[in-house]
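Student: Next comes the structure file entry-v9.txt, holding compact mmCIF, C-alpha atoms.
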```txt
# COMPACT_ATOMS: atom_id res chain seq x y z
CA MET A 1 9.08 -16.22 -33.29
CA LYS A 2 10.61 -17.18 -29.94
CA ILE A 3 9.39 -15.15 -26.99
CA ALA A 4 10.69 -14.80 -23.43
CA LEU A 5 9.05 -13.12 -20.43
CA THR A 6 10.87 -11.30 -17.63
CA TYR A 7 9.46 -10.14 -14.30
CA ASP A 8 10.98 -8.42 -11.25
CA TRP A 9 10.41 -11.15 -8.62
CA LEU A 10 7.91 -13.86 -7.74
CA THR A 11 7.69 -13.91 -3.95
CA ASN A 12 4.07 -12.94 -3.29
CA ILE A 13 0.79 -12.64 -5.16
CA GLY A 14 -0.87 -9.50 -6.39
CA GLY A 15 -2.19 -7.87 -9.51
CA ALA A 16 1.18 -7.73 -11.28
CA GLU A 17 1.71 -11.47 -10.78
CA ARG A 18 -1.68 -12.15 -12.34
CA VAL A 19 -0.67 -10.01 -15.31
CA LEU A 20 2.44 -12.16 -15.66
CA PHE A 21 0.35 -15.32 -15.61
CA ALA A 22 -1.94 -13.88 -18.29
CA LEU A 23 1.14 -13.15 -20.41
CA HIS A 24 2.16 -16.78 -19.90
CA GLU A 25 -1.27 -17.90 -21.08
CA ALA A 26 -0.89 -15.67 -24.14
CA TYR A 27 2.55 -17.20 -24.85
CA PRO A 28 2.62 -20.58 -23.06
CA ASP A 29 5.95 -21.66 -24.56
CA ALA A 30 7.79 -18.58 -23.32
CA PRO A 31 10.09 -19.14 -20.32
CA ILE A 32 9.70 -16.73 -17.40
CA PHE A 33 12.89 -15.13 -16.09
CA VAL A 34 12.69 -13.62 -12.57
CA SER A 35 15.27 -12.45 -10.04
CA ALA A 36 13.87 -14.76 -7.35
CA PHE A 37 11.01 -17.23 -6.97
CA GLU A 38 9.39 -18.50 -3.77
CA PRO A 39 7.07 -21.39 -4.68
CA THR A 40 4.14 -21.10 -2.28
CA SER A 41 0.50 -22.08 -2.17
CA LEU A 42 -0.40 -18.50 -3.16
CA LEU A 43 1.81 -18.74 -6.25
CA TYR A 44 0.53 -22.20 -7.15
CA MET A 45 -0.14 -21.21 -10.77
CA PHE A 46 3.61 -20.77 -11.38
CA ASN A 47 4.85 -23.87 -9.58
CA ASN A 48 4.96 -26.12 -12.65
CA LEU A 49 5.92 -23.51 -15.23
CA ASP A 50 9.31 -22.84 -16.80
CA VAL A 51 10.40 -20.22 -14.27
CA ARG A 52 14.12 -19.42 -14.33
CA THR A 53 15.85 -17.41 -11.61
CA THR A 54 19.00 -15.32 -11.39
CA TYR A 55 21.83 -15.70 -8.90
CA ILE A 56 19.74 -13.73 -6.39
CA GLN A 57 17.87 -16.97 -5.75
CA LYS A 58 20.99 -18.24 -3.94
CA LEU A 59 20.89 -15.44 -1.34
CA PRO A 60 19.33 -16.16 2.08
CA LYS A 61 15.55 -15.95 1.92
CA PRO A 62 15.18 -12.98 4.34
CA ILE A 63 17.53 -10.95 2.14
CA ARG A 64 16.13 -11.81 -1.26
CA ARG A 65 12.61 -11.06 -0.04
CA ARG A 66 13.65 -7.56 1.10
CA HIS A 67 13.39 -6.07 -2.36
CA GLN A 68 14.43 -2.54 -1.35
CA LEU A 69 17.90 -3.82 -0.40
CA LEU A 70 18.72 -5.24 -3.81
CA PRO A 71 17.97 -2.88 -6.71
CA VAL A 72 21.58 -2.58 -7.91
CA VAL A 73 22.24 -6.30 -7.56
CA ARG A 74 18.91 -7.16 -9.14
CA ALA A 75 19.55 -4.94 -12.17
CA HIS A 76 22.95 -6.58 -12.60
CA SER A 77 21.39 -10.04 -12.33
CA PHE A 78 18.92 -9.27 -15.11
CA ARG A 79 21.69 -7.99 -17.37
CA GLN A 80 23.41 -11.36 -16.98
CA ILE A 81 20.47 -13.36 -18.37
CA ASP A 82 21.29 -14.91 -21.74
CA LEU A 83 18.43 -14.02 -24.10
CA LYS A 84 20.22 -14.40 -27.44
CA ASP A 85 17.85 -17.18 -28.56
CA TYR A 86 14.74 -15.00 -28.35
CA ASP A 87 13.22 -12.79 -31.04
CA VAL A 88 10.90 -10.89 -28.69
CA VAL A 89 11.36 -10.26 -24.97
CA ILE A 90 8.41 -8.93 -22.98
CA SER A 91 9.42 -7.49 -19.63
CA SER A 92 6.61 -7.04 -17.13
CA ALA A 93 8.18 -4.50 -14.86
CA SER A 94 7.86 -1.86 -12.20
CA ALA A 95 11.50 -2.29 -11.20
CA GLU A 96 14.55 -3.93 -12.79
CA ALA A 97 13.14 -6.62 -15.10
CA LYS A 98 13.39 -4.17 -17.98
CA ALA A 99 17.21 -4.02 -17.52
CA VAL A 100 17.64 -7.19 -19.59
CA ARG A 101 19.77 -7.13 -22.73
CA VAL A 102 18.44 -8.56 -25.97
CA ARG A 103 19.92 -9.43 -29.34
CA LYS A 104 20.58 -6.47 -31.65
CA ASP A 105 17.86 -7.58 -34.02
CA ALA A 106 15.45 -8.72 -31.27
CA VAL A 107 12.61 -6.58 -29.92
CA HIS A 108 12.19 -5.64 -26.26
CA ILE A 109 8.64 -4.70 -25.26
CA CYS A 110 8.12 -3.45 -21.71
CA TYR A 111 4.70 -3.84 -20.13
CA CYS A 112 5.23 -1.12 -17.55
CA HIS A 113 3.21 -1.24 -14.34
CA THR A 114 4.84 2.07 -13.39
CA PRO A 115 8.23 3.75 -13.55
CA THR A 116 9.87 2.59 -10.33
CA ARG A 117 7.91 4.29 -7.55
CA TYR A 118 10.80 4.78 -5.14
CA TYR A 119 12.82 6.76 -7.68
CA TRP A 120 10.12 8.75 -9.44
CA SER A 121 6.44 9.30 -8.65
CA HIS A 122 6.58 8.36 -4.95
CA TYR A 123 10.09 9.49 -4.09
CA GLU A 124 9.11 12.05 -1.45
CA GLU A 125 6.84 9.53 0.26
CA TYR A 126 9.63 6.95 0.23
CA ARG A 127 12.07 9.49 1.63
CA ARG A 128 9.77 10.21 4.56
CA ASN A 129 9.03 6.56 5.24
CA PRO A 130 11.64 4.17 3.78
CA GLY A 131 10.00 1.17 5.40
CA PHE A 132 12.98 -0.11 7.42
CA GLY A 133 11.33 0.33 10.82
CA ASN A 134 13.77 1.39 13.54
CA LEU A 135 16.50 1.87 10.95
CA ASP A 136 14.58 4.62 9.13
CA PRO A 137 16.48 7.53 10.84
CA PHE A 138 19.77 6.05 9.61
CA ILE A 139 18.45 5.26 6.13
CA ARG A 140 16.89 8.66 5.34
CA PRO A 141 20.18 10.60 4.85
CA LEU A 142 21.35 7.91 2.40
CA ILE A 143 18.25 8.07 0.21
CA PRO A 144 18.97 11.21 -1.91
CA PRO A 145 22.40 10.09 -3.23
CA PHE A 146 21.18 6.51 -3.58
CA VAL A 147 18.08 7.48 -5.56
CA LYS A 148 20.10 9.84 -7.77
CA TRP A 149 22.33 6.90 -8.70
CA MET A 150 19.38 4.55 -9.20
CA ARG A 151 17.59 7.03 -11.45
CA HIS A 152 20.68 7.06 -13.64
CA LEU A 153 20.73 3.24 -13.80
CA ASP A 154 16.99 3.14 -14.43
CA MET A 155 17.33 5.50 -17.38
CA ARG A 156 20.08 3.30 -18.77
CA SER A 157 17.77 0.29 -18.67
CA VAL A 158 15.04 2.26 -20.43
CA GLN A 159 17.34 2.78 -23.41
CA GLY A 160 17.14 -0.95 -24.09
CA VAL A 161 13.34 -0.91 -24.42
CA ASP A 162 12.01 -0.65 -27.97
CA TYR A 163 8.32 -0.22 -27.14
CA PHE A 164 6.44 0.62 -23.96
CA ILE A 165 2.97 -0.58 -23.01
CA ALA A 166 1.38 1.29 -20.09
CA ASN A 167 -1.14 -0.43 -17.85
CA SER A 168 -3.22 2.75 -17.46
CA HIS A 169 -3.45 6.34 -18.59
CA ALA A 170 -1.86 7.45 -15.32
CA VAL A 171 1.18 5.27 -16.03
CA GLN A 172 1.26 6.47 -19.63
CA LYS A 173 1.68 10.02 -18.33
CA ARG A 174 4.45 8.92 -15.94
CA ILE A 175 6.34 7.10 -18.71
CA LYS A 176 6.25 10.30 -20.74
CA LYS A 177 7.20 12.49 -17.76
CA TYR A 178 10.05 10.43 -16.33
CA TYR A 179 11.29 8.32 -19.26
CA HIS A 180 10.40 10.75 -22.07
CA ARG A 181 8.92 7.90 -24.07
CA ASP A 182 5.60 7.30 -25.78
CA SER A 183 3.51 4.26 -24.87
CA THR A 184 0.33 2.40 -25.71
CA VAL A 185 -2.26 1.72 -23.00
CA ILE A 186 -3.37 -1.89 -22.58
CA PHE A 187 -5.32 -2.41 -19.39
CA PRO A 188 -4.30 -5.38 -17.20
CA PRO A 189 -6.36 -8.58 -17.26
CA VAL A 190 -8.85 -9.38 -14.54
CA ASP A 191 -10.25 -12.85 -13.89
CA ILE A 192 -13.86 -11.76 -14.22
CA ARG A 193 -15.21 -15.34 -14.19
CA ARG A 194 -13.61 -16.13 -10.84
CA PHE A 195 -15.38 -13.28 -9.05
CA LYS A 196 -18.76 -13.19 -10.78
CA PRO A 197 -21.32 -15.03 -8.62
CA GLU A 198 -23.35 -17.81 -10.20
CA ARG A 199 -26.43 -16.50 -8.39
CA PRO A 200 -27.25 -13.29 -6.46
CA VAL A 201 -25.29 -13.00 -3.22
CA LYS A 202 -26.66 -11.51 -0.03
CA LYS A 203 -24.34 -8.76 1.13
CA GLY A 204 -22.71 -8.96 4.55
CA ASP A 205 -22.35 -6.23 7.13
CA TYR A 206 -18.71 -5.40 6.39
CA TYR A 207 -16.53 -3.22 4.23
CA LEU A 208 -13.39 -4.61 2.64
CA VAL A 209 -9.81 -3.66 1.84
CA SER A 210 -7.56 -6.16 0.12
CA GLY A 211 -4.01 -6.30 -1.18
CA ARG A 212 -0.40 -5.87 -0.16
CA GLN A 213 -0.16 -3.88 3.03
CA ASN A 214 2.45 -1.37 1.88
CA THR A 215 2.75 2.28 2.89
CA TYR A 216 1.33 3.79 -0.30
CA LYS A 217 -1.84 1.66 -0.12
CA ARG A 218 -3.00 3.87 2.78
CA PHE A 219 -5.05 1.12 4.39
CA ASP A 220 -4.56 3.13 7.58
CA ILE A 221 -7.10 5.62 6.24
CA ALA A 222 -9.71 2.88 5.77
CA ILE A 223 -9.02 1.47 9.24
CA GLU A 224 -9.20 4.86 10.94
CA ALA A 225 -12.42 5.73 9.09
CA CYS A 226 -14.09 2.49 10.20
CA ASN A 227 -12.75 3.00 13.73
CA ARG A 228 -14.35 6.44 13.79
CA LEU A 229 -17.68 5.29 12.33
CA GLY A 230 -17.82 1.98 14.19
CA ARG A 231 -18.15 0.08 10.90
CA ARG A 232 -16.96 -3.48 10.44
CA LEU A 233 -13.94 -3.73 8.14
CA ILE A 234 -12.18 -6.88 6.92
CA VAL A 235 -8.54 -6.35 5.92
CA VAL A 236 -7.34 -9.12 3.59
CA GLY A 237 -3.65 -9.59 2.89
CA ASP A 238 -0.24 -9.05 4.43
CA GLY A 239 2.81 -6.87 3.94
CA THR A 240 5.43 -4.63 5.51
CA GLU A 241 2.78 -2.42 7.20
CA HIS A 242 0.81 -5.29 8.73
CA GLU A 243 1.94 -4.84 12.33
CA LYS A 244 1.39 -1.07 12.20
CA LEU A 245 -2.11 -1.57 10.88
CA VAL A 246 -2.93 -4.12 13.58
CA LYS A 247 -1.84 -1.62 16.25
CA ILE A 248 -4.20 1.11 15.07
CA ALA A 249 -7.18 -1.21 14.50
CA GLY A 250 -10.20 -0.94 16.78
CA PRO A 251 -12.64 -3.70 17.77
CA THR A 252 -14.57 -3.56 14.48
CA ILE A 253 -11.51 -4.36 12.36
CA GLU A 254 -10.66 -7.94 11.34
CA PHE A 255 -7.49 -9.17 9.62
CA VAL A 256 -7.32 -12.15 7.28
CA VAL A 257 -3.81 -13.27 6.29
CA GLY A 258 -3.12 -15.89 3.64
CA PRO A 259 -6.62 -16.78 2.39
CA ASP A 260 -6.86 -18.94 -0.72
CA ASP A 261 -8.50 -17.71 -3.91
CA GLN A 262 -11.88 -19.21 -3.03
CA GLU A 263 -11.94 -17.47 0.35
CA ILE A 264 -10.92 -14.15 -1.21
CA THR A 265 -13.71 -14.44 -3.76
CA LYS A 266 -16.27 -14.94 -0.98
CA TYR A 267 -15.02 -11.87 0.87
CA PHE A 268 -15.35 -9.81 -2.30
CA GLN A 269 -18.82 -11.07 -3.12
CA GLY A 270 -20.13 -10.54 0.41
CA ALA A 271 -18.77 -7.05 1.09
CA LYS A 272 -21.01 -3.99 1.17
CA ALA A 273 -18.25 -2.11 -0.63
CA LEU A 274 -14.55 -2.19 -1.31
CA LEU A 275 -12.70 0.78 0.19
CA TRP A 276 -10.01 2.16 -2.11
CA PRO A 277 -8.00 4.87 -0.27
CA GLN A 278 -4.81 4.43 -2.29
CA VAL A 279 -3.42 5.90 -5.48
CA GLU A 280 -2.91 3.00 -7.86
CA ASP A 281 -1.53 2.87 -11.35
CA PHE A 282 -4.55 0.81 -12.41
CA GLY A 283 -6.12 -1.28 -9.67
CA ILE A 284 -6.95 -4.87 -10.54
CA VAL A 285 -8.47 -5.40 -7.09
CA LEU A 286 -10.95 -2.63 -7.80
CA VAL A 287 -12.15 -4.36 -10.98
CA GLU A 288 -12.34 -7.69 -9.12
CA ALA A 289 -14.78 -6.06 -6.72
CA LEU A 290 -16.93 -4.82 -9.61
CA ALA A 291 -16.91 -8.32 -11.13
CA ALA A 292 -18.14 -9.66 -7.79
CA GLY A 293 -21.05 -7.20 -7.89
CA THR A 294 -19.54 -5.11 -5.11
CA PRO A 295 -19.41 -1.31 -5.46
CA VAL A 296 -16.28 0.66 -4.65
CA ILE A 297 -15.67 3.78 -2.58
CA ALA A 298 -12.51 5.11 -4.22
CA TYR A 299 -10.11 8.01 -3.88
CA GLU A 300 -10.57 10.03 -7.07
CA LYS A 301 -7.09 9.70 -8.53
CA ASP A 302 -5.11 7.96 -11.28
CA GLY A 303 -6.05 4.31 -11.96
CA ALA A 304 -9.50 4.55 -10.40
CA LEU A 305 -10.41 7.05 -13.11
CA ASP A 306 -9.92 4.34 -15.76
CA THR A 307 -12.24 1.85 -14.10
CA MET A 308 -14.86 3.71 -12.02
CA ILE A 309 -18.05 5.48 -13.05
CA ASP A 310 -19.06 7.79 -10.21
CA GLY A 311 -22.58 7.07 -8.96
CA VAL A 312 -22.84 3.89 -11.09
CA THR A 313 -20.06 1.57 -9.93
CA GLY A 314 -19.64 3.28 -6.56
CA LEU A 315 -18.54 6.75 -5.63
CA PHE A 316 -15.40 8.84 -5.36
CA PHE A 317 -14.06 10.79 -2.41
CA LYS A 318 -11.99 13.87 -3.17
CA GLU A 319 -9.28 13.96 -0.50
CA GLN A 320 -6.99 11.19 0.73
CA THR A 321 -8.03 11.72 4.34
CA VAL A 322 -10.01 9.91 7.02
CA SER A 323 -12.64 12.65 7.12
CA SER A 324 -13.22 12.56 3.37
CA LEU A 325 -13.60 8.77 3.39
CA CYS A 326 -15.98 8.90 6.37
CA LYS A 327 -18.15 11.38 4.51
CA ALA A 328 -18.18 9.10 1.45
CA ILE A 329 -19.12 6.03 3.51
CA LYS A 330 -22.06 7.88 5.03
CA LYS A 331 -23.22 9.00 1.58
CA PHE A 332 -22.75 5.48 0.20
CA GLU A 333 -25.08 4.08 2.85
CA THR A 334 -27.92 6.20 1.47
CA MET A 335 -27.44 4.86 -2.09
CA SER A 336 -28.08 1.67 -4.02
CA PHE A 337 -26.18 0.10 -6.90
CA SER A 338 -26.95 -2.43 -9.64
CA ALA A 339 -24.72 -5.51 -9.55
CA ALA A 340 -25.41 -6.04 -13.27
CA LYS A 341 -24.04 -2.59 -14.12
CA LEU A 342 -20.95 -3.19 -11.99
CA GLN A 343 -20.27 -6.49 -13.75
CA LYS A 344 -20.82 -4.98 -17.20
CA GLN A 345 -18.15 -2.38 -16.45
CA ALA A 346 -15.77 -5.11 -15.22
CA GLU A 347 -16.10 -7.04 -18.48
CA LYS A 348 -14.12 -4.30 -20.27
CA PHE A 349 -11.04 -5.56 -18.43
CA SER A 350 -11.34 -9.31 -19.00
CA GLU A 351 -8.41 -11.68 -19.57
CA GLU A 352 -9.68 -12.40 -23.07
CA GLN A 353 -9.61 -8.72 -23.99
CA PHE A 354 -6.10 -8.35 -22.54
CA GLN A 355 -4.70 -11.29 -24.51
CA LYS A 356 -6.36 -10.09 -27.70
CA ASN A 357 -4.76 -6.67 -27.25
CA ILE A 358 -1.34 -8.11 -26.39
CA HIS A 359 -1.30 -10.45 -29.38
CA LYS A 360 -2.27 -7.59 -31.68
CA PHE A 361 0.42 -5.31 -30.25
CA VAL A 362 3.23 -7.88 -30.44
CA ALA A 363 2.26 -8.91 -33.98
CA SER A 364 2.47 -5.30 -35.13
CA HIS A 365 5.70 -4.49 -33.23
CA ARG A 366 7.92 -7.45 -34.16
CA LYS A 367 10.54 -5.24 -35.74
CA LYS A 368 12.84 -2.63 -34.24
CA PRO A 369 11.50 0.94 -34.45
CA ALA A 370 12.82 2.91 -37.38
```
With the file now loaded, output its structure as structure tokens.
Tutor:
Amino acid sequence: MKIALTYDWLTNIGGAERVLFALHEAYPDAPIFVSAFEPTSLLYMFNNLDVRTTYIQKLPKPIRRRHQLLPVVRAHSFRQIDLKDYDVVISSASAEAKAVRVRKDAVHICYCHTPTRYYWSHYEEYRRNPGFGNLDPFIRPLIPPFVKWMRHLDMRSVQGVDYFIANSHAVQKRIKKYYHRDSTVIFPPVDIRRFKPERPVKKGDYYLVSGRQNTYKRFDIAIEACNRLGRRLIVVGDGTEHEKLVKIAGPTIEFVVGPDDQEITKYFQGAKALLWPQVEDFGIVLVEALAAGTPVIAYEKDGALDTMIDGVTGLFFKEQTVSSLCKAIKKFETMSFSAAKLQKQAEKFSEEQFQKNIHKFVASHRKKPA
């Protein structure tokens, strides 16, 4: 059985890229097809693998890294990939990687991180804030007809998928709602061993947010809450919202851009708590915090519901507002949590469990559905 992997793009590191690497470890002989690849120190784990790019790789770097500009071109580039030699194709996708075409007798399994946010679940948010800075007023009128067209193309690509795997129960509901397809939930893998301390760690005096600084992450809520309370907050990562976040940050807010894995692990292990103001499909970063023995203060929505136990692994706040998070932080500071219980919960989402589940699913879905 020859297997190929496809993925939207490899230009930065996050939870979805770590899922892709875990899929590679499950099927080490499978080539990885991506629209574009930027070999960097953060993507070191892919630098010596069989990563194959589309013609988008030939575009100037500033253009190919601006993913919102290229959905039509990217979908076309994936349709041009020759996959006739492969019996099973696993697309790891939240965008166009699932648009690939496979042999008539081959099986296409999509590990879906989410139906494309811009077209479906987060369309209204995208319409309000397209993320093009000063060009936003000119972009907004173009969004409705553009998204209508892209939804049509997205539905076309879905027709080529034989089986869907959802990365969470929230995504499973979206796949049913938007794509009208059933799916099986297999939680993403988390590198539990990397984050689990070898010995008890003394907690620092700071809260933590970590990840891509995109609009939907709502890191602004965490920053404003810590501004208001005068709490120290370390913001790890980079992204399109970075400059905006820096502008609203007060004197107790610190930014760390481009740390290596070892540095990130130390930040996670030393934090009083991870702040989770966003709505995520699953939330690998949240589980990484639990593995590090760090509780989480999370917005009670979607992916957090799959991973959190309120009052045991941290606590929820009900509204996605600064005031609600401030209230939760104050409550958190009157509580205590067991690192052992946090780590036990994290073990449910280990890489070993993920690969076991993936192997079982692929073995039982090697034929086209009847």
Student: What's around A:Pro39 at 9 Å? Count only C-alpha atoms, leave out sequence neighbours fewer than 6 positions away in its own chain, and write the answer as number ranges by chain.
Tutor: A: 10-11, 46-47
Student: List the spatial neighbours of A:Met150 as a VMD selection string - criterion: any atom at most 10 Å away, only C-alpha atoms, same-chain residues fewer than 2 positions off excluded.
Tutor: chain A and resid 71 to 72 75 116 118 to 119 144 to 148 152 to 156
Student: Take atom CA of A:Thr313 and atom CA of A:Glu280 and report the distance between them in Å, one decimal.
Tutor: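 So the answer is 17.3 Å.
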Student: What's the separation between atom CA of A:Asn214 and atom CA of A:Val287, in Å to one decimal place?
Tutor: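 So the two atoms, atom CA of A:Asn214 and atom CA of A:Val287, lie 19.7 Å apart.
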Student: Which residues are near A:Ala26? Cut-off 12 Å, all atoms listed in the file, ignore same chain within fewer than 6 positions. Put them as a list in words.
Tutor: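 The neighbour list is Ile3, Ala4, Leu5, Val19, Leu20, Ile90, Pro189, Glu351, Glu352, Gln353, Phe354, Gln355, Lys356, Asn357, Ile358, His359, Lys360 and Val362 of chain A.
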Student: Can you tell me which residues surround A:Ser91 at a distance of at most 8 Å, considering only C-alpha atoms, apart from same-chain residues fewer than 5 positions away, and format the answer as a PyMOL selection string?
Tutor: chain A and resi 5-7+97-98+108-112
Student: Take the residues just selected and output them with C-alpha atoms as a PDB file, in the frame of the given file.
Tutor:
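New file part_18.pdb:
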```
ATOM      1  CA  LEU A   5       9.050 -13.120 -20.430  1.00  0.00           C
ATOM      2  CA  THR A   6      10.870 -11.300 -17.630  1.00  0.00           C
ATOM      3  CA  TYR A   7       9.460 -10.140 -14.300  1.00  0.00           C
ATOM      4  CA  ALA A  97      13.140  -6.620 -15.100  1.00  0.00           C
ATOM      5  CA  LYS A  98      13.390  -4.170 -17.980  1.00  0.00           C
ATOM      6  CA  HIS A 108      12.190  -5.640 -26.260  1.00  0.00           C
ATOM      7  CA  ILE A 109       8.640  -4.700 -25.260  1.00  0.00           C
ATOM      8  CA  CYS A 110       8.120  -3.450 -21.710  1.00  0.00           C
ATOM      9  CA  TYR A 111       4.700  -3.840 -20.130  1.00  0.00           C
ATOM     10  CA  CYS A 112       5.230  -1.120 -17.550  1.00  0.00           C
TER      11      CYS A 112
END
```
Student: Taking only C-alpha atoms into account, which of A:Val51, A:Val100, A:Ile284, A:Ile329 comes nearest A:Ile192?
Tutor: A:Ile284
Student: Using all atoms listed in the file, can you tell me which of A:Thr215, A:Gln278, A:Gln345, A:Thr307 comes closest to A:Ala292?
Tutor: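 The answer is A:Gln345, which sits nearest to A:Ala292.
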Student: Go ahead and compute the interatomic distance for atom CA of A:Val185 and atom CA of A:Val209, in Å to one decimal.
Tutor: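 Atom-to-atom, atom CA of A:Val185 to atom CA of A:Val209, that is 26.5 Å.
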Student: Stretch 331-335 of chain A: which residues within 9 Å, counting all atoms listed in the file, same-chain residues fewer than 2 positions away excluded, as a PyMOL selection string?
Tutor: chain A and resi 273+297+311+314-315+326-329+337
Student: Counting all atoms listed in the file, which of A:Arg218, A:His169, A:Lys203, A:Arg151 gets nearest to A:Gln269?
Tutor: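 The shortest atom-to-atom distance to A:Gln269 comes from A:Lys203.
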Student: Counting only C-alpha atoms, which residues of stretch 120-235 of chain A sit at most 10 Å from some atom of stretch 52-69 of chain A, and what is each one's closest atom pair with its distance in Å to one decimal, listed by chain and rising residue number, as CSV?
Tutor:
```
residue,atom,partner,partner_atom,distance
A:Pro130,CA,A:Gln68,CA,8.9
A:Gly131,CA,A:Gln68,CA,8.9
A:Phe132,CA,A:Gln68,CA,9.2
```
